[in-house]
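A.B. asks: Sharing start31.csv (CSV, N, CA, C and O atoms) below.
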chain,number,residue,atom,x,y,z
L,218,MET,N,108.6,-224.0,-104.2
L,218,MET,CA,107.3,-223.4,-104.3
L,218,MET,C,107.2,-222.6,-105.6
L,218,MET,O,108.2,-221.9,-105.9
L,219,ILE,N,106.2,-222.7,-106.3
L,219,ILE,CA,106.0,-222.0,-107.6
L,219,ILE,C,105.3,-220.7,-107.3
L,219,ILE,O,104.3,-220.6,-106.6
L,220,SER,N,105.9,-219.6,-107.9
L,220,SER,CA,105.3,-218.3,-107.7
L,220,SER,C,104.0,-218.2,-108.5
L,220,SER,O,103.9,-218.8,-109.5
L,221,PRO,N,103.2,-217.2,-108.1
L,221,PRO,CA,101.9,-217.0,-108.9
L,221,PRO,C,102.3,-216.6,-110.3
L,221,PRO,O,101.6,-217.0,-111.2
L,222,ALA,N,103.3,-215.8,-110.4
L,222,ALA,CA,103.7,-215.3,-111.8
L,222,ALA,C,104.2,-216.5,-112.6
L,222,ALA,O,103.8,-216.5,-113.8
L,223,ALA,N,104.9,-217.4,-112.1
L,223,ALA,CA,105.3,-218.6,-112.8
L,223,ALA,C,104.1,-219.4,-113.2
L,223,ALA,O,104.1,-220.0,-114.4
L,224,SER,N,103.2,-219.5,-112.4
L,224,SER,CA,102.0,-220.3,-112.7
L,224,SER,C,101.2,-219.6,-113.8
L,224,SER,O,100.8,-220.3,-114.8
L,225,ASP,N,101.1,-218.3,-113.8
L,225,ASP,CA,100.4,-217.5,-114.9
L,225,ASP,C,101.2,-217.7,-116.2
L,225,ASP,O,100.6,-217.8,-117.2
L,226,ALA,N,102.5,-217.6,-116.1
L,226,ALA,CA,103.4,-217.8,-117.3
L,226,ALA,C,103.2,-219.1,-118.0
L,226,ALA,O,103.2,-219.2,-119.2
L,227,SER,N,102.9,-220.1,-117.2
L,227,SER,CA,102.8,-221.5,-117.8
L,227,SER,C,101.6,-221.6,-118.7
L,227,SER,O,101.5,-222.4,-119.6
L,228,THR,N,100.6,-220.7,-118.5
L,228,THR,CA,99.4,-220.8,-119.3
L,228,THR,C,99.2,-219.6,-120.2
L,228,THR,O,98.2,-219.5,-120.9
L,229,ASP,N,100.1,-218.6,-120.1
L,229,ASP,CA,100.0,-217.4,-120.9
L,229,ASP,C,100.3,-217.7,-122.4
L,229,ASP,O,101.4,-218.1,-122.7
L,230,GLU,N,99.4,-217.5,-123.3
L,230,GLU,CA,99.5,-217.8,-124.7
L,230,GLU,C,100.6,-216.9,-125.4
L,230,GLU,O,101.1,-217.2,-126.4
L,231,ARG,N,100.9,-215.7,-124.7
L,231,ARG,CA,101.9,-214.8,-125.3
L,231,ARG,C,103.3,-215.4,-125.1
L,231,ARG,O,104.3,-214.9,-125.7
L,232,LEU,N,103.5,-216.4,-124.3
L,232,LEU,CA,104.8,-216.9,-124.0
L,232,LEU,C,105.1,-218.3,-124.6
L,232,LEU,O,105.7,-219.1,-123.9
L,233,LYS,N,104.6,-218.5,-125.7
L,233,LYS,CA,104.9,-219.8,-126.4
L,233,LYS,C,106.3,-220.0,-126.7
L,233,LYS,O,107.0,-219.0,-127.1
L,234,GLY,N,106.9,-221.2,-126.5
L,234,GLY,CA,108.2,-221.5,-127.0
L,234,GLY,C,109.3,-220.8,-126.2
L,234,GLY,O,109.4,-221.0,-124.9
L,235,GLY,N,110.2,-220.1,-126.9
L,235,GLY,CA,111.4,-219.5,-126.2
L,235,GLY,C,111.1,-218.7,-125.0
L,235,GLY,O,111.8,-218.9,-124.0
L,236,PRO,N,110.2,-217.7,-125.0
L,236,PRO,CA,109.9,-216.9,-123.8
L,236,PRO,C,109.6,-217.8,-122.6
L,236,PRO,O,110.1,-217.5,-121.5
L,237,LYS,N,108.8,-218.8,-122.7
L,237,LYS,CA,108.5,-219.6,-121.6
L,237,LYS,C,109.7,-220.4,-121.1
L,237,LYS,O,109.9,-220.4,-119.8
L,238,GLU,N,110.5,-220.9,-122.0
L,238,GLU,CA,111.7,-221.6,-121.6
L,238,GLU,C,112.7,-220.7,-120.9
L,238,GLU,O,113.3,-221.1,-119.8
L,239,VAL,N,112.9,-219.5,-121.4
L,239,VAL,CA,113.8,-218.5,-120.8
L,239,VAL,C,113.3,-218.1,-119.5
L,239,VAL,O,114.0,-218.1,-118.5
L,240,TYR,N,112.0,-217.9,-119.3
L,240,TYR,CA,111.4,-217.5,-118.1
L,240,TYR,C,111.6,-218.5,-117.0
L,240,TYR,O,112.0,-218.2,-115.8
L,241,LEU,N,111.4,-219.8,-117.3
L,241,LEU,CA,111.6,-220.9,-116.3
L,241,LEU,C,113.1,-220.9,-115.9
L,241,LEU,O,113.4,-221.1,-114.7
L,242,TYR,N,114.0,-220.7,-116.8
L,242,TYR,CA,115.4,-220.7,-116.5
L,242,TYR,C,115.7,-219.5,-115.6
L,242,TYR,O,116.5,-219.6,-114.6
L,243,LEU,N,115.1,-218.3,-115.9
L,243,LEU,CA,115.4,-217.1,-115.1
L,243,LEU,C,115.1,-217.3,-113.6
L,243,LEU,O,115.7,-216.6,-112.8
L,244,HIS,N,114.1,-218.1,-113.4
L,244,HIS,CA,113.7,-218.4,-112.0
L,244,HIS,C,114.9,-219.0,-111.2
L,244,HIS,O,114.9,-219.0,-109.9
L,245,THR,N,115.8,-219.6,-111.8
L,245,THR,CA,117.0,-220.2,-111.2
L,245,THR,C,118.1,-219.2,-110.9
L,245,THR,O,119.0,-219.5,-110.1
L,246,VAL,N,118.1,-218.1,-111.6
L,246,VAL,CA,119.3,-217.2,-111.5
L,246,VAL,C,118.9,-215.7,-111.1
L,246,VAL,O,119.8,-215.0,-110.7
L,247,LEU,N,117.6,-215.4,-111.2
L,247,LEU,CA,117.2,-214.0,-110.8
L,247,LEU,C,116.5,-214.0,-109.5
L,247,LEU,O,116.0,-215.1,-109.0
L,248,ASP,N,116.4,-212.9,-108.9
L,248,ASP,CA,115.8,-212.7,-107.6
L,248,ASP,C,114.5,-211.8,-107.7
L,248,ASP,O,114.6,-210.8,-108.4
L,249,PRO,N,113.5,-212.1,-107.0
L,249,PRO,CA,112.3,-211.2,-107.1
L,249,PRO,C,112.4,-209.9,-106.3
L,249,PRO,O,111.6,-209.0,-106.4
L,250,GLY,N,113.5,-209.8,-105.5
L,250,GLY,CA,113.6,-208.6,-104.7
L,250,GLY,C,114.8,-207.7,-105.0
L,250,GLY,O,115.0,-206.7,-104.3
L,251,GLU,N,115.6,-208.1,-106.0
L,251,GLU,CA,116.8,-207.3,-106.2
L,251,GLU,C,117.2,-207.5,-107.7
L,251,GLU,O,117.2,-208.6,-108.2
L,252,TYR,N,117.6,-206.4,-108.3
L,252,TYR,CA,118.0,-206.4,-109.7
L,252,TYR,C,119.4,-207.2,-109.8
L,252,TYR,O,120.2,-206.9,-108.9
L,253,ARG,N,119.5,-208.0,-110.7
L,253,ARG,CA,120.7,-208.8,-110.9
L,253,ARG,C,121.2,-208.7,-112.4
L,253,ARG,O,120.4,-208.7,-113.3
L,254,PRO,N,122.5,-208.5,-112.6
L,254,PRO,CA,123.0,-208.4,-113.9
L,254,PRO,C,122.9,-209.7,-114.7
L,254,PRO,O,122.9,-210.8,-114.1
L,255,LEU,N,122.6,-209.6,-116.0
L,255,LEU,CA,122.4,-210.8,-116.8
L,255,LEU,C,122.8,-210.6,-118.2
L,255,LEU,O,122.4,-209.6,-118.8
L,256,LYS,N,123.7,-211.4,-118.7
L,256,LYS,CA,124.1,-211.3,-120.1
L,256,LYS,C,123.4,-212.4,-120.9
L,256,LYS,O,123.2,-213.5,-120.4
L,257,LEU,N,123.1,-212.1,-122.1
L,257,LEU,CA,122.3,-213.1,-123.0
L,257,LEU,C,123.1,-214.3,-123.4
L,257,LEU,O,122.6,-215.4,-123.5
L,258,TRP,N,124.4,-214.1,-123.7
L,258,TRP,CA,125.1,-215.2,-124.3
L,258,TRP,C,125.2,-216.4,-123.4
L,258,TRP,O,124.9,-217.5,-123.8
L,259,PRO,N,125.5,-216.3,-122.1
L,259,PRO,CA,125.5,-217.5,-121.2
L,259,PRO,C,124.1,-218.1,-121.1
L,259,PRO,O,124.1,-219.4,-121.1
L,260,VAL,N,123.1,-217.4,-121.1
L,260,VAL,CA,121.7,-217.9,-121.1
L,260,VAL,C,121.5,-218.7,-122.4
L,260,VAL,O,121.0,-219.9,-122.3
L,261,ALA,N,121.9,-218.2,-123.5
L,261,ALA,CA,121.7,-218.8,-124.8
L,261,ALA,C,122.5,-220.2,-124.8
L,261,ALA,O,122.0,-221.2,-125.3
L,262,GLN,N,123.7,-220.2,-124.3
L,262,GLN,CA,124.5,-221.4,-124.3
L,262,GLN,C,123.9,-222.5,-123.4
L,262,GLN,O,123.8,-223.6,-123.8
L,263,ILE,N,123.4,-222.1,-122.2
L,263,ILE,CA,122.8,-223.0,-121.3
L,263,ILE,C,121.5,-223.6,-121.9
L,263,ILE,O,121.3,-224.8,-121.8
L,264,LEU,N,120.7,-222.8,-122.5
L,264,LEU,CA,119.4,-223.3,-123.1
L,264,LEU,C,119.6,-223.8,-124.5
L,264,LEU,O,118.6,-224.2,-125.1
L,265,LYS,N,120.8,-223.7,-125.0
L,265,LYS,CA,121.0,-224.2,-126.4
L,265,LYS,C,120.1,-223.5,-127.4
L,265,LYS,O,119.5,-224.1,-128.2
L,266,MET,N,120.1,-222.2,-127.2
L,266,MET,CA,119.3,-221.3,-128.1
L,266,MET,C,120.3,-220.3,-128.8
L,266,MET,O,121.4,-220.0,-128.3
L,267,ASP,N,119.8,-219.7,-129.8
L,267,ASP,CA,120.5,-218.6,-130.4
L,267,ASP,C,120.4,-217.3,-129.5
L,267,ASP,O,119.4,-217.1,-128.9
L,268,LYS,N,121.4,-216.5,-129.5
L,268,LYS,CA,121.4,-215.3,-128.6
L,268,LYS,C,120.3,-214.4,-129.0
L,268,LYS,O,119.6,-213.8,-128.1
L,269,ALA,N,120.0,-214.3,-130.3
L,269,ALA,CA,118.9,-213.4,-130.7
L,269,ALA,C,117.5,-213.9,-130.2
L,269,ALA,O,116.7,-213.1,-129.9
L,270,THR,N,117.4,-215.2,-130.2
L,270,THR,CA,116.2,-215.8,-129.7
L,270,THR,C,116.0,-215.5,-128.2
L,270,THR,O,114.9,-215.1,-127.8
L,271,VAL,N,117.1,-215.6,-127.4
L,271,VAL,CA,117.0,-215.2,-126.0
L,271,VAL,C,116.7,-213.7,-125.9
L,271,VAL,O,115.9,-213.3,-125.0
L,272,GLY,N,117.3,-212.9,-126.7
L,272,GLY,CA,117.0,-211.5,-126.7
L,272,GLY,C,115.5,-211.1,-126.9
L,272,GLY,O,114.9,-210.3,-126.2
L,273,ARG,N,115.0,-211.8,-127.9
L,273,ARG,CA,113.5,-211.6,-128.2
L,273,ARG,C,112.7,-212.1,-127.1
L,273,ARG,O,111.7,-211.5,-126.7
L,274,ALA,N,113.1,-213.2,-126.5
L,274,ALA,CA,112.3,-213.8,-125.4
L,274,ALA,C,112.3,-212.8,-124.2
L,274,ALA,O,111.3,-212.6,-123.5
L,275,MET,N,113.5,-212.3,-123.9
L,275,MET,CA,113.6,-211.3,-122.8
L,275,MET,C,112.8,-210.1,-123.0
L,275,MET,O,112.1,-209.6,-122.1
L,276,LYS,N,112.8,-209.6,-124.3
L,276,LYS,CA,112.0,-208.4,-124.6
L,276,LYS,C,110.5,-208.7,-124.4
L,276,LYS,O,109.7,-207.9,-123.8
L,277,ARG,N,110.0,-209.9,-124.8
L,277,ARG,CA,108.6,-210.3,-124.7
L,277,ARG,C,108.3,-210.4,-123.2
L,277,ARG,O,107.2,-210.0,-122.8
L,278,LEU,N,109.2,-211.0,-122.4
L,278,LEU,CA,108.9,-211.1,-121.0
L,278,LEU,C,108.8,-209.7,-120.3
L,278,LEU,O,107.9,-209.6,-119.4
L,279,VAL,N,109.6,-208.8,-120.7
L,279,VAL,CA,109.5,-207.4,-120.2
L,279,VAL,C,108.2,-206.8,-120.6
L,279,VAL,O,107.4,-206.2,-119.8
L,280,GLU,N,107.8,-206.9,-121.9
L,280,GLU,CA,106.6,-206.4,-122.4
L,280,GLU,C,105.3,-206.9,-121.7
L,280,GLU,O,104.4,-206.2,-121.5
L,281,CYS,N,105.4,-208.2,-121.4
L,281,CYS,CA,104.2,-208.9,-120.8
L,281,CYS,C,104.2,-208.7,-119.2
L,281,CYS,O,103.3,-209.2,-118.6
L,282,GLY,N,105.2,-208.1,-118.7
L,282,GLY,CA,105.2,-207.8,-117.3
L,282,GLY,C,105.8,-208.9,-116.4
L,282,GLY,O,105.7,-208.8,-115.2
L,283,TYR,N,106.4,-209.9,-117.0
L,283,TYR,CA,107.0,-211.0,-116.2
L,283,TYR,C,108.4,-210.7,-115.7
L,283,TYR,O,108.9,-211.4,-114.8
L,284,LEU,N,109.0,-209.7,-116.3
L,284,LEU,CA,110.4,-209.4,-116.0
L,284,LEU,C,110.5,-207.9,-116.0
L,284,LEU,O,109.9,-207.2,-116.9
L,285,ARG,N,111.3,-207.3,-115.1
L,285,ARG,CA,111.6,-205.9,-115.1
L,285,ARG,C,113.0,-205.7,-115.5
L,285,ARG,O,113.9,-206.3,-115.0
L,286,GLU,N,113.2,-204.7,-116.4
L,286,GLU,CA,114.6,-204.4,-116.8
L,286,GLU,C,115.0,-203.2,-116.0
L,286,GLU,O,114.3,-202.2,-115.8
L,287,GLY,N,116.2,-203.4,-115.4
L,287,GLY,CA,116.8,-202.4,-114.5
L,287,GLY,C,117.9,-201.6,-115.1
L,287,GLY,O,118.0,-201.6,-116.4
L,288,PRO,N,118.7,-200.9,-114.3
L,288,PRO,CA,119.8,-200.1,-114.8
L,288,PRO,C,120.9,-200.9,-115.5
L,288,PRO,O,121.0,-202.1,-115.2
L,289,ARG,N,121.6,-200.3,-116.4
L,289,ARG,CA,122.7,-200.9,-117.1
L,289,ARG,C,123.8,-201.2,-116.0
L,289,ARG,O,124.0,-200.4,-115.2
L,290,GLN,N,124.4,-202.3,-116.2
L,290,GLN,CA,125.6,-202.7,-115.4
L,290,GLN,C,126.8,-202.5,-116.2
L,290,GLN,O,126.8,-202.7,-117.4
L,291,LYS,N,128.0,-202.3,-115.6
L,291,LYS,CA,129.2,-202.2,-116.3
L,291,LYS,C,129.9,-203.5,-116.3
L,291,LYS,O,129.9,-204.1,-115.2
L,292,PRO,N,130.4,-204.0,-117.3
L,292,PRO,CA,130.5,-203.5,-118.7
L,292,PRO,C,129.4,-204.0,-119.5
L,292,PRO,O,129.3,-205.2,-119.8
L,293,GLY,N,128.5,-203.1,-120.0
L,293,GLY,CA,127.6,-203.3,-121.0
L,293,GLY,C,126.4,-204.3,-120.8
L,293,GLY,O,125.7,-204.5,-121.8
L,294,GLY,N,126.2,-204.7,-119.6
L,294,GLY,CA,125.0,-205.6,-119.4
L,294,GLY,C,123.8,-204.9,-118.8
L,294,GLY,O,123.9,-203.8,-118.4
L,295,ARG,N,122.7,-205.6,-118.8
L,295,ARG,CA,121.5,-205.1,-118.2
L,295,ARG,C,121.3,-205.8,-116.9
L,295,ARG,O,121.8,-206.9,-116.7
L,296,SER,N,120.4,-205.3,-116.1
L,296,SER,CA,120.1,-206.0,-114.9
L,296,SER,C,118.5,-206.2,-114.9
L,296,SER,O,117.8,-205.5,-115.6
L,297,TYR,N,118.1,-207.3,-114.3
L,297,TYR,CA,116.7,-207.7,-114.4
L,297,TYR,C,116.2,-208.1,-113.0
L,297,TYR,O,117.0,-208.5,-112.1
L,298,LEU,N,114.9,-208.1,-112.9
L,298,LEU,CA,114.2,-208.4,-111.6
L,298,LEU,C,113.0,-209.3,-112.0
L,298,LEU,O,112.3,-208.9,-113.0
L,299,LEU,N,112.8,-210.3,-111.3
L,299,LEU,CA,111.6,-211.2,-111.6
L,299,LEU,C,110.3,-210.4,-111.1
L,299,LEU,O,110.4,-209.8,-110.1
What would the structure in this file look like if it were written as structure tokens?
C.D. replies:
Amino acid sequence: MISPAASDASTDERLKGGPKEVYLYLHTVLDPGEYRPLKLWPVAQILKMDKATVGRAMKRLVECGYLREGPRQKPGGRSYLL
């Protein structure tokens, strides 16, 4: 089942290219009810993107309200919530 947010993201002009691809991938690894740790490098490898591109995409997703950034996890990662 596709979430309403995922449906909105598919037509949101602010999410062209990288952010949309990253968001679709995040639906396979993140949970809408609980913050989960996530490191950029593995996401970049899986999506065959540059780590900086994934970082910019994550920032855009947070700015647009599709992703929530949570507390830092040890060692050095961030946690996210859909």
A.B. asks: From the DSSP assignment of the backbone, select every residue of chain L that is helix (DSSP H, G or I), and format the answer as an MDAnalysis selection string.
C.D. replies: chainID L and resid 221:228 230:232 235:246 257:264 268:280
A.B. asks: To one decimal in Å, tell me the separation between atom O of Arg253 of chain L and atom N of Arg273 of chain L.
C.D. replies: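 So the two atoms, atom O of Arg253 of chain L and atom N of Arg273 of chain L, lie 15.9 Å apart.
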A.B. asks: List as an NGL selection string the protein and nucleic acid residues near Leu298 of chain L, meaning an atom at most 8 Å away when all atoms listed in the file are counted, but skip any in the same chain fewer than 5 places from it.
C.D. replies: :L and (243 or 247-254 or 278-279 or 282-287)
A.B. asks: Given the selection you just returned, output its residues as a file containing N, CA, C and O atoms, formatted as an mmCIF file, keeping the file's coordinate frame.
C.D. replies:
data_model
loop_
_atom_site.group_PDB
_atom_site.id
_atom_site.type_symbol
_atom_site.label_atom_id
_atom_site.label_comp_id
_atom_site.auth_asym_id
_atom_site.auth_seq_id
_atom_site.Cartn_x
_atom_site.Cartn_y
_atom_site.Cartn_z
ATOM 1 N N LEU L 243 115.100 -218.300 -115.900
ATOM 2 C CA LEU L 243 115.400 -217.100 -115.100
ATOM 3 C C LEU L 243 115.100 -217.300 -113.600
ATOM 4 O O LEU L 243 115.700 -216.600 -112.800
ATOM 5 N N LEU L 247 117.600 -215.400 -111.200
ATOM 6 C CA LEU L 247 117.200 -214.000 -110.800
ATOM 7 C C LEU L 247 116.500 -214.000 -109.500
ATOM 8 O O LEU L 247 116.000 -215.100 -109.000
ATOM 9 N N ASP L 248 116.400 -212.900 -108.900
ATOM 10 C CA ASP L 248 115.800 -212.700 -107.600
ATOM 11 C C ASP L 248 114.500 -211.800 -107.700
ATOM 12 O O ASP L 248 114.600 -210.800 -108.400
ATOM 13 N N PRO L 249 113.500 -212.100 -107.000
ATOM 14 C CA PRO L 249 112.300 -211.200 -107.100
ATOM 15 C C PRO L 249 112.400 -209.900 -106.300
ATOM 16 O O PRO L 249 111.600 -209.000 -106.400
ATOM 17 N N GLY L 250 113.500 -209.800 -105.500
ATOM 18 C CA GLY L 250 113.600 -208.600 -104.700
ATOM 19 C C GLY L 250 114.800 -207.700 -105.000
ATOM 20 O O GLY L 250 115.000 -206.700 -104.300
ATOM 21 N N GLU L 251 115.600 -208.100 -106.000
ATOM 22 C CA GLU L 251 116.800 -207.300 -106.200
ATOM 23 C C GLU L 251 117.200 -207.500 -107.700
ATOM 24 O O GLU L 251 117.200 -208.600 -108.200
ATOM 25 N N TYR L 252 117.600 -206.400 -108.300
ATOM 26 C CA TYR L 252 118.000 -206.400 -109.700
ATOM 27 C C TYR L 252 119.400 -207.200 -109.800
ATOM 28 O O TYR L 252 120.200 -206.900 -108.900
ATOM 29 N N ARG L 253 119.500 -208.000 -110.700
ATOM 30 C CA ARG L 253 120.700 -208.800 -110.900
ATOM 31 C C ARG L 253 121.200 -208.700 -112.400
ATOM 32 O O ARG L 253 120.400 -208.700 -113.300
ATOM 33 N N PRO L 254 122.500 -208.500 -112.600
ATOM 34 C CA PRO L 254 123.000 -208.400 -113.900
ATOM 35 C C PRO L 254 122.900 -209.700 -114.700
ATOM 36 O O PRO L 254 122.900 -210.800 -114.100
ATOM 37 N N LEU L 278 109.200 -211.000 -122.400
ATOM 38 C CA LEU L 278 108.900 -211.100 -121.000
ATOM 39 C C LEU L 278 108.800 -209.700 -120.300
ATOM 40 O O LEU L 278 107.900 -209.600 -119.400
ATOM 41 N N VAL L 279 109.600 -208.800 -120.700
ATOM 42 C CA VAL L 279 109.500 -207.400 -120.200
ATOM 43 C C VAL L 279 108.200 -206.800 -120.600
ATOM 44 O O VAL L 279 107.400 -206.200 -119.800
ATOM 45 N N GLY L 282 105.200 -208.100 -118.700
ATOM 46 C CA GLY L 282 105.200 -207.800 -117.300
ATOM 47 C C GLY L 282 105.800 -208.900 -116.400
ATOM 48 O O GLY L 282 105.700 -208.800 -115.200
ATOM 49 N N TYR L 283 106.400 -209.900 -117.000
ATOM 50 C CA TYR L 283 107.000 -211.000 -116.200
ATOM 51 C C TYR L 283 108.400 -210.700 -115.700
ATOM 52 O O TYR L 283 108.900 -211.400 -114.800
ATOM 53 N N LEU L 284 109.000 -209.700 -116.300
ATOM 54 C CA LEU L 284 110.400 -209.400 -116.000
ATOM 55 C C LEU L 284 110.500 -207.900 -116.000
ATOM 56 O O LEU L 284 109.900 -207.200 -116.900
ATOM 57 N N ARG L 285 111.300 -207.300 -115.100
ATOM 58 C CA ARG L 285 111.600 -205.900 -115.100
ATOM 59 C C ARG L 285 113.000 -205.700 -115.500
ATOM 60 O O ARG L 285 113.900 -206.300 -115.000
ATOM 61 N N GLU L 286 113.200 -204.700 -116.400
ATOM 62 C CA GLU L 286 114.600 -204.400 -116.800
ATOM 63 C C GLU L 286 115.000 -203.200 -116.000
ATOM 64 O O GLU L 286 114.300 -202.200 -115.800
ATOM 65 N N GLY L 287 116.200 -203.400 -115.400
ATOM 66 C CA GLY L 287 116.800 -202.400 -114.500
ATOM 67 C C GLY L 287 117.900 -201.600 -115.100
ATOM 68 O O GLY L 287 118.000 -201.600 -116.400
#
A.B. asks: What is the distance, in Å and to one decimal place, between atom C of Ile263 of chain L and atom O of Gly234 of chain L?
C.D. replies: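 Computed distance, atom C of Ile263 of chain L to atom O of Gly234 of chain L, equals 12.7 Å.
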A.B. asks: Do you have the atom CA of Thr228 of chain L-atom CA of Leu255 of chain L distance handy?
C.D. replies: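 Computing it gives 25.2 Å between the two atoms.
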A.B. asks: Name the residues of chain L that fall into strand (DSSP E or B) according to DSSP on the backbone, using the chain letters and numbers of this document, as number ranges by chain.
C.D. replies: L: 253-255, 285-290, 294-298
A.B. asks: Fewer than 2 positions away in the same chain doesn't count, so skip those; otherwise give me all residues within 8 Å of Leu257 of chain L, counting only N, CA, C and O atoms, as a list of chain:residue names.
C.D. replies: L:Pro254, L:Leu255, L:Pro259, L:Val260, L:Ala261, L:Gln262, L:Ile263, L:Leu264, L:Met266, L:Asp267, L:Lys268, L:Ala269, L:Val271, L:Gly272, L:Gly294, L:Arg295
A.B. asks: How about completing segment 249-256 of chain L with all heavy atoms and giving it to me as a CSV table (one decimal), in the frame of the given file?
C.D. replies:
chain,number,residue,atom,x,y,z
L,249,PRO,N,113.5,-212.1,-107.0
L,249,PRO,CA,112.3,-211.2,-107.1
L,249,PRO,C,112.4,-209.9,-106.3
L,249,PRO,O,111.6,-209.0,-106.4
L,249,PRO,CB,111.1,-212.1,-106.6
L,249,PRO,CG,111.8,-213.1,-105.7
L,249,PRO,CD,113.2,-213.3,-106.3
L,250,GLY,N,113.5,-209.8,-105.5
L,250,GLY,CA,113.6,-208.6,-104.7
L,250,GLY,C,114.8,-207.7,-105.0
L,250,GLY,O,115.0,-206.7,-104.3
L,251,GLU,N,115.6,-208.1,-106.0
L,251,GLU,CA,116.8,-207.3,-106.2
L,251,GLU,C,117.2,-207.5,-107.7
L,251,GLU,O,117.2,-208.6,-108.2
L,251,GLU,CB,117.9,-207.9,-105.3
L,251,GLU,CG,119.3,-207.6,-105.7
L,251,GLU,CD,120.3,-208.2,-104.8
L,251,GLU,OE1,120.0,-209.1,-103.9
L,251,GLU,OE2,121.5,-207.9,-104.9
L,252,TYR,N,117.6,-206.4,-108.3
L,252,TYR,CA,118.0,-206.4,-109.7
L,252,TYR,C,119.4,-207.2,-109.8
L,252,TYR,O,120.2,-206.9,-108.9
L,252,TYR,CB,118.2,-205.0,-110.3
L,252,TYR,CG,116.9,-204.4,-110.7
L,252,TYR,CD1,116.3,-203.5,-109.8
L,252,TYR,CD2,116.3,-204.7,-111.9
L,252,TYR,CE1,115.1,-202.9,-110.1
L,252,TYR,CE2,115.0,-204.1,-112.2
L,252,TYR,CZ,114.5,-203.2,-111.3
L,252,TYR,OH,113.3,-202.6,-111.6
L,253,ARG,N,119.5,-208.0,-110.7
L,253,ARG,CA,120.7,-208.8,-110.9
L,253,ARG,C,121.2,-208.7,-112.4
L,253,ARG,O,120.4,-208.7,-113.3
L,253,ARG,CB,120.5,-210.3,-110.6
L,253,ARG,CG,120.1,-210.6,-109.2
L,253,ARG,CD,121.1,-211.4,-108.5
L,253,ARG,NE,120.7,-211.5,-107.1
L,253,ARG,CZ,120.4,-212.6,-106.5
L,253,ARG,NH1,120.3,-213.7,-107.2
L,253,ARG,NH2,120.1,-212.6,-105.2
L,254,PRO,N,122.5,-208.5,-112.6
L,254,PRO,CA,123.0,-208.4,-113.9
L,254,PRO,C,122.9,-209.7,-114.7
L,254,PRO,O,122.9,-210.8,-114.1
L,254,PRO,CB,124.5,-208.1,-113.7
L,254,PRO,CG,124.8,-208.5,-112.4
L,254,PRO,CD,123.6,-208.4,-111.6
L,255,LEU,N,122.6,-209.6,-116.0
L,255,LEU,CA,122.4,-210.8,-116.8
L,255,LEU,C,122.8,-210.6,-118.2
L,255,LEU,O,122.4,-209.6,-118.8
L,255,LEU,CB,120.9,-211.2,-116.7
L,255,LEU,CG,120.6,-212.5,-117.4
L,255,LEU,CD1,121.1,-213.7,-116.6
L,255,LEU,CD2,119.1,-212.6,-117.6
L,256,LYS,N,123.7,-211.4,-118.7
L,256,LYS,CA,124.1,-211.3,-120.1
L,256,LYS,C,123.4,-212.4,-120.9
L,256,LYS,O,123.2,-213.5,-120.4
L,256,LYS,CB,125.6,-211.5,-120.2
L,256,LYS,CG,126.3,-210.3,-119.6
L,256,LYS,CD,127.7,-210.1,-120.0
L,256,LYS,CE,128.3,-208.9,-119.4
L,256,LYS,NZ,129.3,-208.3,-120.2
